[in-house]
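File shown: entry-v7.txt (compact mmCIF, C-alpha atoms).
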```txt
# COMPACT_ATOMS: atom_id res chain seq x y z
CA MET W 1 84.54 -25.16 0.55
CA VAL W 2 82.96 -22.16 -1.16
CA ASP W 3 82.61 -21.73 -4.91
CA ILE W 4 83.88 -18.39 -6.28
CA ARG W 5 81.93 -17.44 -9.38
CA GLU W 6 80.06 -14.73 -11.28
CA VAL W 7 76.99 -13.32 -9.56
CA PRO W 8 74.10 -13.17 -12.03
CA GLU W 9 71.83 -10.16 -12.19
CA SER W 10 69.07 -12.27 -10.64
CA ASP W 11 71.15 -12.47 -7.42
CA ILE W 12 71.79 -8.72 -7.04
CA ASP W 13 69.10 -8.40 -4.38
CA ARG W 14 70.74 -11.22 -2.43
CA ALA W 15 74.07 -9.43 -2.73
CA LEU W 16 72.49 -6.24 -1.39
CA GLU W 17 70.97 -8.09 1.57
CA LEU W 18 74.43 -9.43 2.37
CA ALA W 19 75.94 -5.95 2.11
CA TYR W 20 73.29 -4.43 4.36
CA LEU W 21 73.87 -7.23 6.88
CA VAL W 22 77.64 -6.68 6.88
CA PHE W 23 77.46 -2.88 7.07
CA HIS W 24 74.54 -2.81 9.54
CA ASP W 25 72.35 -0.86 7.16
CA ARG W 26 68.68 -0.84 6.22
CA PRO W 27 68.16 1.72 3.46
CA GLU W 28 64.85 2.94 2.10
CA LYS W 29 63.39 1.59 -1.12
CA GLU W 30 64.71 4.45 -3.25
CA VAL W 31 68.29 3.87 -2.07
CA ARG W 32 67.97 0.11 -2.59
CA GLU W 33 66.85 0.74 -6.16
CA LYS W 34 69.86 3.01 -6.71
CA HIS W 35 72.21 0.36 -5.32
CA HIS W 36 70.58 -2.28 -7.53
CA ALA W 37 71.12 -0.17 -10.65
CA LEU W 38 74.72 0.50 -9.63
CA LEU W 39 75.53 -3.19 -9.17
CA ALA W 40 73.83 -4.05 -12.45
CA SER W 41 76.54 -2.01 -14.20
CA CYS W 42 79.43 -3.59 -12.23
CA ASP W 43 81.49 -6.75 -12.55
CA ARG W 44 80.21 -9.02 -9.74
CA ILE W 45 81.88 -11.95 -7.96
CA GLY W 46 80.31 -14.08 -5.25
CA ALA W 47 81.36 -16.81 -2.85
CA TYR W 48 78.64 -19.49 -2.77
CA ASP W 49 78.37 -22.07 -0.03
CA GLY W 50 75.90 -24.35 -1.75
CA THR W 51 72.96 -22.06 -2.43
CA VAL W 52 74.03 -19.48 0.18
CA LEU W 53 75.75 -16.31 -0.99
CA ALA W 54 78.41 -16.05 1.72
CA GLY W 55 80.61 -13.34 0.21
CA PHE W 56 80.38 -10.67 -2.45
CA MET W 57 82.50 -8.14 -4.30
CA ALA W 58 81.78 -5.80 -7.20
CA ALA W 59 83.95 -3.59 -9.38
CA HIS W 60 83.21 -0.38 -11.25
CA ASP W 61 84.63 -0.04 -14.75
CA PHE W 62 86.85 3.01 -14.12
CA ARG W 63 89.84 4.67 -15.65
CA LEU W 64 92.22 6.38 -13.23
CA SER W 65 94.36 9.46 -13.83
CA VAL W 66 98.02 8.70 -13.14
CA PRO W 67 100.99 10.99 -13.83
CA GLY W 68 100.98 11.57 -17.58
CA ALA W 69 98.35 8.94 -18.41
CA ASP W 70 94.86 7.59 -17.88
CA LEU W 71 94.79 3.85 -17.14
CA PRO W 72 92.04 1.23 -16.79
CA CYS W 73 91.48 0.60 -13.10
CA PRO W 74 88.50 -1.32 -11.69
CA GLY W 75 87.13 0.24 -8.51
CA LEU W 76 86.16 -2.36 -5.91
CA THR W 77 82.98 -1.82 -3.94
CA PHE W 78 80.36 -3.63 -1.81
CA VAL W 79 83.02 -6.00 -0.44
CA GLY W 80 81.60 -8.17 2.31
CA VAL W 81 81.57 -11.61 3.93
CA ALA W 82 78.66 -13.03 5.92
CA PRO W 83 79.33 -13.21 9.69
CA THR W 84 78.76 -16.98 9.51
CA HIS W 85 81.69 -17.38 7.07
CA ARG W 86 84.41 -15.14 8.46
CA ARG W 87 87.97 -16.47 8.80
CA ARG W 88 87.35 -19.22 6.28
CA GLY W 89 89.27 -17.74 3.33
CA VAL W 90 86.19 -16.26 1.63
CA LEU W 91 87.62 -12.74 1.24
CA THR W 92 90.93 -14.16 0.06
CA GLY W 93 89.15 -16.20 -2.61
CA LEU W 94 87.18 -13.18 -3.78
CA MET W 95 90.26 -10.96 -3.88
CA ASP W 96 92.36 -13.49 -5.76
CA GLU W 97 89.62 -13.96 -8.34
CA MET W 98 89.21 -10.21 -8.82
CA LEU W 99 92.96 -9.76 -9.23
CA ARG W 100 93.03 -12.59 -11.78
CA ARG W 101 90.20 -11.01 -13.74
CA THR W 102 91.83 -7.60 -13.59
CA ALA W 103 95.10 -8.97 -14.94
CA ASP W 104 93.33 -10.94 -17.68
CA ALA W 105 91.53 -7.76 -18.76
CA GLY W 106 94.86 -5.94 -19.13
CA SER W 107 94.25 -3.45 -16.34
CA PRO W 108 97.53 -2.64 -14.55
CA LEU W 109 95.79 -1.18 -11.48
CA ALA W 110 92.88 -1.76 -9.12
CA ALA W 111 91.56 0.62 -6.48
CA LEU W 112 89.19 0.78 -3.52
CA TRP W 113 88.14 2.82 -0.50
CA ALA W 114 88.74 0.86 2.68
CA SER W 115 86.00 0.59 5.27
CA GLU W 116 88.62 -1.00 7.56
CA ALA W 117 92.19 0.07 6.86
CA ALA W 118 93.74 -3.02 8.44
CA ILE W 119 92.27 -5.41 5.87
CA TYR W 120 93.60 -4.59 2.44
CA GLY W 121 97.35 -4.29 2.86
CA ARG W 122 97.71 -8.04 2.92
CA PHE W 123 96.21 -8.14 -0.58
CA GLY W 124 98.80 -5.67 -1.90
CA TYR W 125 96.81 -2.44 -1.62
CA GLY W 126 98.62 0.67 -0.43
CA SER W 127 97.16 3.99 0.69
CA ALA W 128 97.96 6.17 -2.32
CA THR W 129 96.09 9.42 -1.65
CA THR W 130 95.20 11.42 1.44
CA GLY W 131 92.18 13.62 2.10
CA VAL W 132 91.55 16.32 4.64
CA THR W 133 88.42 17.93 6.05
CA ILE W 134 88.51 21.73 6.01
CA GLU W 135 86.18 23.84 8.13
CA ILE W 136 85.61 27.58 7.78
CA ASP W 137 84.14 29.83 10.45
CA SER W 138 81.85 31.89 8.20
CA THR W 139 80.22 33.93 10.95
CA ARG W 140 82.50 36.68 9.62
CA PRO W 141 83.75 37.45 6.08
CA LEU W 142 86.37 35.05 4.78
CA ALA W 143 89.77 36.74 5.04
CA LEU W 144 91.94 36.18 1.97
CA ARG W 145 95.49 37.11 0.99
CA ILE W 146 94.70 37.25 -2.74
CA ASP W 147 92.03 39.03 -4.76
CA PRO W 148 89.14 36.80 -5.89
CA ASP W 149 88.44 36.53 -9.61
CA PRO W 150 85.95 39.34 -10.40
CA ARG W 151 84.06 37.53 -13.14
CA PRO W 152 80.38 36.77 -12.53
CA LEU W 153 79.02 33.80 -10.59
CA ARG W 154 75.82 32.04 -11.63
CA LEU W 155 73.68 29.16 -10.45
CA VAL W 156 73.25 26.10 -12.65
CA ASP W 157 70.19 23.87 -12.57
CA PRO W 158 71.17 20.37 -11.34
CA GLU W 159 69.48 18.86 -14.40
CA GLU W 160 71.89 20.83 -16.62
CA ALA W 161 74.91 20.48 -14.36
CA VAL W 162 76.62 17.51 -16.01
CA ALA W 163 76.65 19.24 -19.39
CA VAL W 164 78.07 22.41 -17.82
CA ILE W 165 80.56 21.16 -15.23
CA GLY W 166 81.25 17.63 -16.50
CA PRO W 167 83.77 18.68 -19.18
CA PHE W 168 85.56 20.95 -16.69
CA HIS W 169 85.80 18.11 -14.19
CA GLU W 170 87.17 15.74 -16.84
CA ALA W 171 89.84 18.27 -17.84
CA ALA W 172 90.75 18.86 -14.20
CA ARG W 173 91.04 15.10 -13.67
CA ALA W 174 93.97 14.95 -16.06
CA GLY W 175 95.85 17.54 -14.02
CA ARG W 176 95.86 15.59 -10.75
CA ALA W 177 96.62 11.90 -10.35
CA GLY W 178 94.35 9.52 -8.47
CA ARG W 179 90.99 10.55 -9.93
CA PRO W 180 88.61 7.98 -11.45
CA THR W 181 86.29 8.64 -14.36
CA ARG W 182 82.74 9.66 -13.56
CA SER W 183 79.87 8.25 -15.62
CA GLU W 184 76.60 10.11 -16.08
CA GLN W 185 75.05 7.53 -13.72
CA ARG W 186 77.56 8.38 -10.98
CA TRP W 187 77.05 12.10 -11.51
CA ALA W 188 73.28 11.66 -11.21
CA GLU W 189 73.18 9.22 -8.32
CA GLU W 190 76.21 10.14 -6.22
CA TRP W 191 76.82 13.85 -6.74
CA LEU W 192 73.55 15.36 -7.97
CA ALA W 193 70.92 13.22 -6.23
CA GLU W 194 68.00 15.26 -4.94
CA GLN W 195 68.42 13.81 -1.43
CA ASP W 196 71.73 13.09 0.20
CA GLU W 197 71.96 9.41 1.13
CA GLU W 198 73.70 10.01 4.46
CA ASP W 199 71.94 13.16 5.72
CA GLU W 200 68.32 13.80 4.74
CA GLU W 201 68.40 17.22 6.45
CA LEU W 202 70.71 18.58 3.77
CA SER W 203 69.31 20.56 0.86
CA PRO W 204 69.33 19.35 -2.74
CA PRO W 205 72.63 20.02 -4.54
CA ARG W 206 73.45 23.59 -5.53
CA ILE W 207 75.93 24.35 -8.29
CA ILE W 208 77.61 27.72 -8.78
CA VAL W 209 79.97 28.33 -11.69
CA LEU W 210 82.30 31.22 -12.40
CA GLY W 211 82.66 32.83 -15.80
CA GLU W 212 80.79 34.73 -18.49
CA ALA W 213 77.63 32.98 -19.66
CA ASP W 214 78.86 32.73 -23.26
CA ARG W 215 82.34 31.49 -22.34
CA PRO W 216 83.69 28.21 -20.92
CA ILE W 217 83.49 28.16 -17.14
CA ALA W 218 86.62 28.77 -15.07
CA GLY W 219 85.49 26.76 -12.06
CA TYR W 220 82.56 25.53 -10.03
CA VAL W 221 81.46 24.61 -6.54
CA LEU W 222 78.91 21.92 -5.72
CA TYR W 223 77.41 22.20 -2.25
CA ARG W 224 74.43 21.45 0.01
CA THR W 225 73.15 23.40 2.99
CA LYS W 226 71.59 22.66 6.36
CA PRO W 227 69.66 25.37 8.25
CA ASP W 228 70.39 26.79 11.69
CA ASP W 229 68.86 24.43 14.26
CA GLY W 230 67.65 27.38 16.37
CA GLY W 231 68.89 26.09 19.71
CA GLY W 232 66.31 26.61 22.47
CA ALA W 233 65.25 24.48 25.45
CA GLY W 234 68.75 24.57 26.91
CA ARG W 235 70.41 23.47 23.65
CA THR W 236 73.34 25.33 22.10
CA ARG W 237 72.48 27.02 18.82
CA VAL W 238 74.31 25.48 15.85
CA PRO W 239 74.68 27.87 12.91
CA GLY W 240 73.62 26.83 9.42
CA LEU W 241 76.03 24.60 7.52
CA VAL W 242 77.37 24.74 3.96
CA ARG W 243 78.75 21.34 3.01
CA VAL W 244 81.08 21.70 0.03
CA ASP W 245 81.11 18.43 -1.90
CA GLU W 246 83.39 19.58 -4.71
CA LEU W 247 85.21 22.74 -5.74
CA GLU W 248 87.26 22.92 -8.92
CA ALA W 249 89.05 26.00 -10.22
CA ASP W 250 91.57 26.70 -12.95
CA THR W 251 93.38 29.46 -10.98
CA PRO W 252 93.83 30.37 -7.31
CA ALA W 253 91.80 33.55 -7.90
CA VAL W 254 88.85 31.51 -9.18
CA ALA W 255 89.09 29.22 -6.15
CA ALA W 256 89.16 32.28 -3.88
CA ALA W 257 85.98 33.63 -5.48
CA LEU W 258 84.16 30.32 -5.03
CA TRP W 259 85.26 29.88 -1.41
CA GLU W 260 84.28 33.48 -0.66
CA CYS W 261 80.86 32.85 -2.21
CA VAL W 262 80.00 29.77 -0.12
CA ALA W 263 81.39 31.39 3.03
CA SER W 264 79.05 34.38 2.59
CA LEU W 265 75.74 32.53 2.16
CA ASP W 266 72.98 34.00 4.29
CA LEU W 267 71.73 32.13 7.36
CA THR W 268 74.90 30.00 7.61
CA GLY W 269 77.89 30.25 9.89
CA ARG W 270 80.14 27.33 9.00
CA VAL W 271 81.51 25.67 5.88
CA ARG W 272 82.68 22.05 5.92
CA ALA W 273 84.54 20.49 2.99
CA TRP W 274 85.33 16.80 3.34
CA GLY W 275 87.92 15.08 1.19
CA ARG W 276 89.94 18.08 0.06
CA PRO W 277 93.54 17.63 -1.11
CA VAL W 278 96.30 18.06 1.46
CA ASP W 279 97.82 20.80 -0.72
CA ASP W 280 94.55 22.71 -1.21
CA PRO W 281 95.55 26.32 -2.12
CA LEU W 282 92.91 27.63 0.30
CA LEU W 283 95.18 26.61 3.16
CA HIS W 284 97.79 29.06 1.85
CA PHE W 285 95.74 32.01 0.60
CA ALA W 286 93.44 32.09 3.64
CA ALA W 287 94.60 35.08 5.70
CA ASP W 288 93.51 33.63 9.06
CA ARG W 289 94.25 29.97 9.73
CA ASP W 290 92.18 30.16 12.90
CA GLN W 291 89.22 30.82 10.59
CA VAL W 292 90.17 28.07 8.11
CA ARG W 293 91.19 24.86 9.86
CA VAL W 294 92.03 21.28 8.92
CA THR W 295 89.93 19.18 11.30
CA ALA W 296 90.70 15.68 9.98
CA GLN W 297 93.20 13.86 7.77
CA PHE W 298 92.65 10.33 6.47
CA PRO W 299 93.77 7.72 3.90
CA ALA W 300 91.54 7.96 0.83
CA LEU W 301 92.16 5.91 -2.34
CA TRP W 302 93.88 2.54 -1.89
CA LEU W 303 95.76 1.32 -4.95
CA ARG W 304 96.94 -2.10 -6.10
CA LEU W 305 99.60 -2.55 -8.81
CA VAL W 306 98.25 -5.60 -10.62
CA ASP W 307 100.90 -5.45 -13.37
CA VAL W 308 103.92 -3.60 -11.98
CA HIS W 309 105.71 -3.52 -15.33
CA ALA W 310 102.77 -1.92 -17.14
CA ALA W 311 102.04 0.48 -14.28
CA LEU W 312 105.61 1.80 -14.10
CA THR W 313 106.22 2.04 -17.84
CA ARG W 314 102.92 3.75 -18.65
CA ARG W 315 103.19 6.69 -16.23
CA SER W 316 105.38 9.77 -16.71
CA TRP W 317 108.48 10.54 -14.67
CA ALA W 318 109.71 13.89 -13.36
CA ALA W 319 113.46 13.16 -13.24
CA PRO W 320 115.95 10.50 -14.38
CA VAL W 321 116.39 7.48 -12.13
CA GLU W 322 118.09 4.11 -12.40
CA VAL W 323 117.49 1.71 -9.53
CA VAL W 324 117.18 -2.02 -8.98
CA LEU W 325 114.02 -2.86 -7.08
CA GLU W 326 113.46 -6.11 -5.21
CA VAL W 327 109.67 -6.40 -5.16
CA HIS W 328 107.71 -8.83 -2.97
CA ASP W 329 104.22 -9.86 -4.04
CA VAL W 330 102.83 -13.05 -2.52
CA ARG W 331 99.49 -12.82 -4.34
CA MET W 332 100.78 -12.15 -7.87
CA PRO W 333 104.12 -13.93 -8.33
CA ALA W 334 104.72 -12.41 -11.79
CA ASN W 335 105.38 -9.08 -10.06
CA ALA W 336 107.89 -10.53 -7.61
CA GLY W 337 111.62 -10.49 -8.16
CA ARG W 338 114.48 -8.13 -8.87
CA PHE W 339 114.00 -5.55 -11.61
CA ARG W 340 115.98 -2.64 -13.02
CA LEU W 341 113.91 0.51 -13.42
CA GLU W 342 115.35 3.10 -15.80
CA ALA W 343 113.01 6.06 -16.06
CA GLY W 344 112.93 9.74 -16.83
CA PRO W 345 111.05 12.39 -18.80
CA GLY W 346 111.52 10.33 -21.98
CA GLY W 347 109.85 7.16 -20.66
CA ALA W 348 110.71 4.06 -18.66
CA THR W 349 111.92 0.49 -18.93
CA TYR W 350 111.50 -2.17 -16.25
CA GLU W 351 113.33 -5.46 -16.78
CA HIS W 352 114.59 -8.41 -14.73
CA ALA W 353 117.98 -7.78 -13.13
CA ASP W 354 120.71 -10.00 -11.71
CA SER W 355 122.56 -7.26 -9.83
CA ALA W 356 122.06 -6.42 -6.16
CA ALA W 357 118.94 -4.50 -5.16
CA ASP W 358 119.12 -0.80 -4.33
CA LEU W 359 115.68 -0.90 -2.66
CA ALA W 360 113.61 -3.81 -1.35
CA LEU W 361 109.89 -3.33 -0.80
CA ASP W 362 106.50 -4.98 -0.84
CA VAL W 363 104.13 -4.26 -3.70
CA ARG W 364 101.80 -2.40 -1.29
CA GLU W 365 104.55 0.13 -0.52
CA LEU W 366 105.25 0.55 -4.23
CA ALA W 367 101.52 1.17 -4.76
CA ALA W 368 101.47 3.78 -2.01
CA CYS W 369 104.29 5.68 -3.73
CA TYR W 370 103.16 5.13 -7.33
CA LEU W 371 101.05 8.30 -7.72
CA GLY W 372 103.58 10.51 -5.93
CA GLY W 373 101.54 10.94 -2.75
CA THR W 374 103.83 8.99 -0.42
CA ARG W 375 107.59 9.44 -0.36
CA VAL W 376 109.76 6.33 -0.52
CA GLY W 377 112.08 8.01 1.96
CA GLU W 378 109.27 8.17 4.52
CA LEU W 379 108.74 4.43 4.20
CA VAL W 380 112.47 3.81 4.58
CA ALA W 381 112.36 5.84 7.80
CA ALA W 382 109.34 3.78 8.92
CA GLY W 383 111.19 0.51 8.35
CA LEU W 384 108.83 -0.60 5.57
CA VAL W 385 111.32 -0.22 2.69
CA ARG W 386 114.95 -1.36 2.90
CA GLU W 387 117.45 0.98 1.26
CA HIS W 388 120.59 -1.00 0.35
CA THR W 389 122.17 1.83 -1.68
CA PRO W 390 122.30 5.24 0.03
CA GLY W 391 120.44 7.86 -1.99
CA ALA W 392 118.31 5.36 -3.91
CA ALA W 393 115.09 6.38 -2.14
CA ALA W 394 115.73 10.09 -2.74
CA ALA W 395 116.41 9.44 -6.43
CA LEU W 396 113.22 7.44 -6.84
CA ASP W 397 111.23 10.10 -4.97
CA ALA W 398 112.52 12.80 -7.31
CA ALA W 399 111.44 10.74 -10.31
CA LEU W 400 107.99 9.97 -8.87
CA ARG W 401 107.31 13.57 -7.88
CA THR W 402 104.23 15.36 -9.27
CA ALA W 403 103.46 19.09 -9.40
CA VAL W 404 100.39 18.59 -7.17
CA LEU W 405 99.64 15.77 -4.78
CA PRO W 406 97.37 12.95 -5.96
CA HIS W 407 93.85 13.26 -4.68
CA THR W 408 90.27 12.17 -5.16
CA SER W 409 87.00 12.69 -3.33
CA ASP W 410 85.23 10.05 -5.45
CA GLU W 411 84.34 7.56 -2.74
CA PHE W 412 82.87 4.34 -4.13
```
Could you express the structure from this file as structure tokens?
Amino acid sequence: MVDIREVPESDIDRALELAYLVFHDRPEKEVREKHHALLASCDRIGAYDGTVLAGFMAAHDFRLSVPGADLPCPGLTFVGVAPTHRRRGVLTGLMDEMLRRTADAGSPLAALWASEAAIYGRFGYGSATTGVTIEIDSTRPLALRIDPDPRPLRLVDPEEAVAVIGPFHEAARAGRAGRPTRSEQRWAEEWLAEQDEEDEELSPPRIIVLGEADRPIAGYVLYRTKPDDGGGAGRTRVPGLVRVDELEADTPAVAAALWECVASLDLTGRVRAWGRPVDDPLLHFAADRDQVRVTAQFPALWLRLVDVHAALTRRSWAAPVEVVLEVHDVRMPANAGRFRLEAGPGGATYEHADSAADLALDVRELAACYLGGTRVGELVAAGLVREHTPGAAAALDAALRTAVLPHTSDEF
């Protein structure tokens, strides 16, 4: 029987050793120190078998953009169980304790990135956003169907970047659901670190902004580069790479100017942007879709509705809807039951109902649809949601709809 309890700061190094064991990693001293500092700022829960730390879980103190609101939402990270203690309920104990703490703190949501997608559905998490990888053949000029914004571009020193692009990022966060807050620590250690943690061949971060020097910026791109490998000795030459880590723009023309800029960098021949939104405007204003291709699509942010009532009544709604939902939640019984949702542009109510259900679904499916990134109708067609009243799924989809799809590239 393991004991689930708080992990003191003195045990952070033990927690890191467990994480490196589980994820088959052995980072350098500098990365270990970064991980230690990160965990020192997190809520930490451990599973102790006597004096042995057999399981661990941490949570960032985030807020998450949802339609019309910004809600507290812990971000789970460093989740792991020792190989000697698998299939003994350790992860379940950790998850239940984290959900209890989240509810006690008044946070209606929790989120994570899944290292293994098959694990977290049973704890009520649903895949709420989708990312794509976009690749551009930049051996020739980027062909566009719109005119790029003609205002000047300028480089920003990474040490000044947070002050320059941070406010723009925060404003952009409000315009698209699914995006967590970013502390100065996360900016410094995740986005603007001198050396990329996963690829030491990449350059330090480069930041280009668009706009007059004495005016607020209209957009930015954050990228790293890798030189041409030269080929030789029977090897195929691989052209230099531009890896776009983030691109934010307040108009399509600004986005076009930034994409054109990174696609025209000397000594490079390819641009790769991981974790872009499925509805990225580049995919429409690119003139040649053989030049601009989606090479991967994947589940990104996984969401858990910890307090369904608070989550549904604190977001905005695009259209009127009145449906009775029969919600199943084996881990948090307070969410389970039959409830009448009445929602629209003026707000929402969510109360117990005695009448027959229009839709029956598990809390993980409700979480997947909550930000507007997954249609309820798709889950009905997949057999994961039962529609008892014809048209109920379409009505709920119309109410959940957002102008742009939810998205985040903030992996944690």
Selected residue of minimal separation from W:Thr77 among W:Trp302, W:Pro252, W:Leu325, W:Val242, counting only C-alpha atoms: W:Trp302
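Atom CA of W:Gly383 is found 21.3 Å from atom CA of W:Ala399.
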Contacts of W:Ala213 within 10 Å, all atoms listed in the file, excl. fewer than 6 positions in-chain, as a list in words: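 So, after excluding close chain neighbours, the residues are Pro152, Leu153 and Arg154 of chain W.
Within the 7 Å cut-off around W:Leu371, using only C-alpha atoms and omitting residues fewer than 5 positions from it on the same chain, the listed residues are Val66, Pro67, Ala128, Ala177, Gly178 and Pro406 of chain W.
The coordinates place atom CA of W:Val81 at 26.2 Å from atom CA of W:Thr129.
The protein and nucleic acid residues lying at most 10 Å from W:His36 are Glu9, Ile12, Asp13, Ala15, Leu16, Glu30, Val31 and Ser41 of chain W, with only C-alpha atoms considered and sequence neighbours fewer than 5 positions away removed.
With only C-alpha atoms as the atoms that count, the residue of W:Ala381, W:Ala273, W:Ala353, W:Cys261 with the shortest distance to W:Arg243 is W:Ala273.
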Interatomic distance (Å, one decimal) between atom CA of W:Ala82 and atom CA of W:Asp410: 26.6 Å
Nearby residues, (75.9, 9.2, -8.7) file frame, 12 Å, all atoms listed in the file, as a list in words: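 The requested residues, written out, are Val31, Lys34, His35, Ala37, Leu38, Val162, Thr181, Arg182, Ser183, Glu184, Gln185, Arg186, Trp187, Ala188, Glu189, Glu190, Trp191, Leu192, Ala193, Glu194, Gln195, Asp196, Glu197, Asp410, Glu411 and Phe412 of chain W.
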Among listed residues W:Ala111, W:Val404, W:Ala348, W:Val306, nearest W:Ala174 (using only C-alpha atoms):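 Result for the nearest residue to W:Ala174: W:Val404.
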Pick from W:Gly80, W:Pro227, W:Gly166, W:Gly75, whichever lies nearest to W:Ala19 using all atoms listed in the file: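 That would be W:Gly80, the residue with the smallest distance to W:Ala19.
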Polymer residues at most 7 Å from W:Val2, only C-alpha atoms, same-chain spacing of 6 or more positions, as an NGL selection string: :W and (47-49)
Counting only C-alpha atoms, the residue of W:Pro281, W:Ala398, W:Glu198, W:Gly126 that sits nearest W:Leu384: W:Gly126
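The nearest approach to W:Arg32 among the residues W:Ala336, W:Gly46, W:Arg14, W:Asp290, with only C-alpha atoms taken into account, belongs to W:Arg14.
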Centre, x/y/z edge lengths, axis-aligned box for stretch 32-43 of chain W with 5 Å per side, as lines of an AutoDock Vina configuration file:
```
center_x = 74.2
center_y = -1.9
center_z = -8.4
size_x = 24.6
size_y = 19.8
size_z = 21.6
```
Protein and nucleic acid residues near (78.8, -15.2, 11.7) (cut-off 12 Å, only C-alpha atoms) as a PyMOL selection string: chain W and resi 18+21-22+54-55+81-88
All residues 12 Å or closer to W:Asp157, all atoms listed in the file, same chain fewer than 4 positions away omitted, as a VMD selection string: chain W and resid 161 to 165 192 194 204 to 209 222
Generate the coordinates of N, CA and C atoms for stretch 196-211 of chain W; report them as a PDB file, in the frame of the given file.
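File produced: rebuild_2.pdb:
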```pdb
ATOM      1  N   ASP W 196      70.468  13.685  -0.193  1.00  0.00           N
ATOM      2  CA  ASP W 196      71.730  13.090   0.200  1.00  0.00           C
ATOM      3  C   ASP W 196      71.467  11.772   0.927  1.00  0.00           C
ATOM      4  N   GLU W 197      72.203  10.732   0.573  1.00  0.00           N
ATOM      5  CA  GLU W 197      71.960   9.410   1.130  1.00  0.00           C
ATOM      6  C   GLU W 197      72.285   9.328   2.609  1.00  0.00           C
ATOM      7  N   GLU W 198      73.244  10.126   3.076  1.00  0.00           N
ATOM      8  CA  GLU W 198      73.700  10.010   4.460  1.00  0.00           C
ATOM      9  C   GLU W 198      73.063  11.028   5.407  1.00  0.00           C
ATOM     10  N   ASP W 199      72.499  12.120   4.855  1.00  0.00           N
ATOM     11  CA  ASP W 199      71.940  13.160   5.720  1.00  0.00           C
ATOM     12  C   ASP W 199      70.730  13.783   5.030  1.00  0.00           C
ATOM     13  N   GLU W 200      69.548  13.338   5.403  1.00  0.00           N
ATOM     14  CA  GLU W 200      68.320  13.800   4.740  1.00  0.00           C
ATOM     15  C   GLU W 200      67.977  15.240   5.101  1.00  0.00           C
ATOM     16  N   GLU W 201      68.654  15.828   6.104  1.00  0.00           N
ATOM     17  CA  GLU W 201      68.400  17.220   6.450  1.00  0.00           C
ATOM     18  C   GLU W 201      69.080  18.191   5.493  1.00  0.00           C
ATOM     19  N   LEU W 202      70.006  17.699   4.702  1.00  0.00           N
ATOM     20  CA  LEU W 202      70.710  18.580   3.770  1.00  0.00           C
ATOM     21  C   LEU W 202      69.812  18.940   2.589  1.00  0.00           C
ATOM     22  N   SER W 203      70.058  20.099   2.023  1.00  0.00           N
ATOM     23  CA  SER W 203      69.310  20.560   0.860  1.00  0.00           C
ATOM     24  C   SER W 203      69.659  19.751  -0.374  1.00  0.00           C
ATOM     25  N   PRO W 204      68.893  19.907  -1.449  1.00  0.00           N
ATOM     26  CA  PRO W 204      69.330  19.350  -2.740  1.00  0.00           C
ATOM     27  C   PRO W 204      70.654  20.003  -3.143  1.00  0.00           C
ATOM     28  N   PRO W 205      71.340  19.446  -4.124  1.00  0.00           N
ATOM     29  CA  PRO W 205      72.630  20.020  -4.540  1.00  0.00           C
ATOM     30  C   PRO W 205      72.442  21.398  -5.171  1.00  0.00           C
ATOM     31  N   ARG W 206      73.385  22.267  -4.902  1.00  0.00           N
ATOM     32  CA  ARG W 206      73.450  23.590  -5.530  1.00  0.00           C
ATOM     33  C   ARG W 206      74.765  23.670  -6.291  1.00  0.00           C
ATOM     34  N   ILE W 207      74.730  24.236  -7.474  1.00  0.00           N
ATOM     35  CA  ILE W 207      75.930  24.350  -8.290  1.00  0.00           C
ATOM     36  C   ILE W 207      76.111  25.789  -8.703  1.00  0.00           C
ATOM     37  N   ILE W 208      77.253  26.364  -8.359  1.00  0.00           N
ATOM     38  CA  ILE W 208      77.610  27.720  -8.780  1.00  0.00           C
ATOM     39  C   ILE W 208      78.858  27.634  -9.643  1.00  0.00           C
ATOM     40  N   VAL W 209      78.820  28.298 -10.790  1.00  0.00           N
ATOM     41  CA  VAL W 209      79.970  28.330 -11.690  1.00  0.00           C
ATOM     42  C   VAL W 209      80.460  29.762 -11.824  1.00  0.00           C
ATOM     43  N   LEU W 210      81.717  29.903 -12.196  1.00  0.00           N
ATOM     44  CA  LEU W 210      82.300  31.220 -12.400  1.00  0.00           C
ATOM     45  C   LEU W 210      82.667  31.381 -13.862  1.00  0.00           C
ATOM     46  N   GLY W 211      82.311  32.524 -14.425  1.00  0.00           N
ATOM     47  CA  GLY W 211      82.660  32.830 -15.800  1.00  0.00           C
ATOM     48  C   GLY W 211      81.500  33.445 -16.548  1.00  0.00           C
TER      49      GLY W 211
END
```
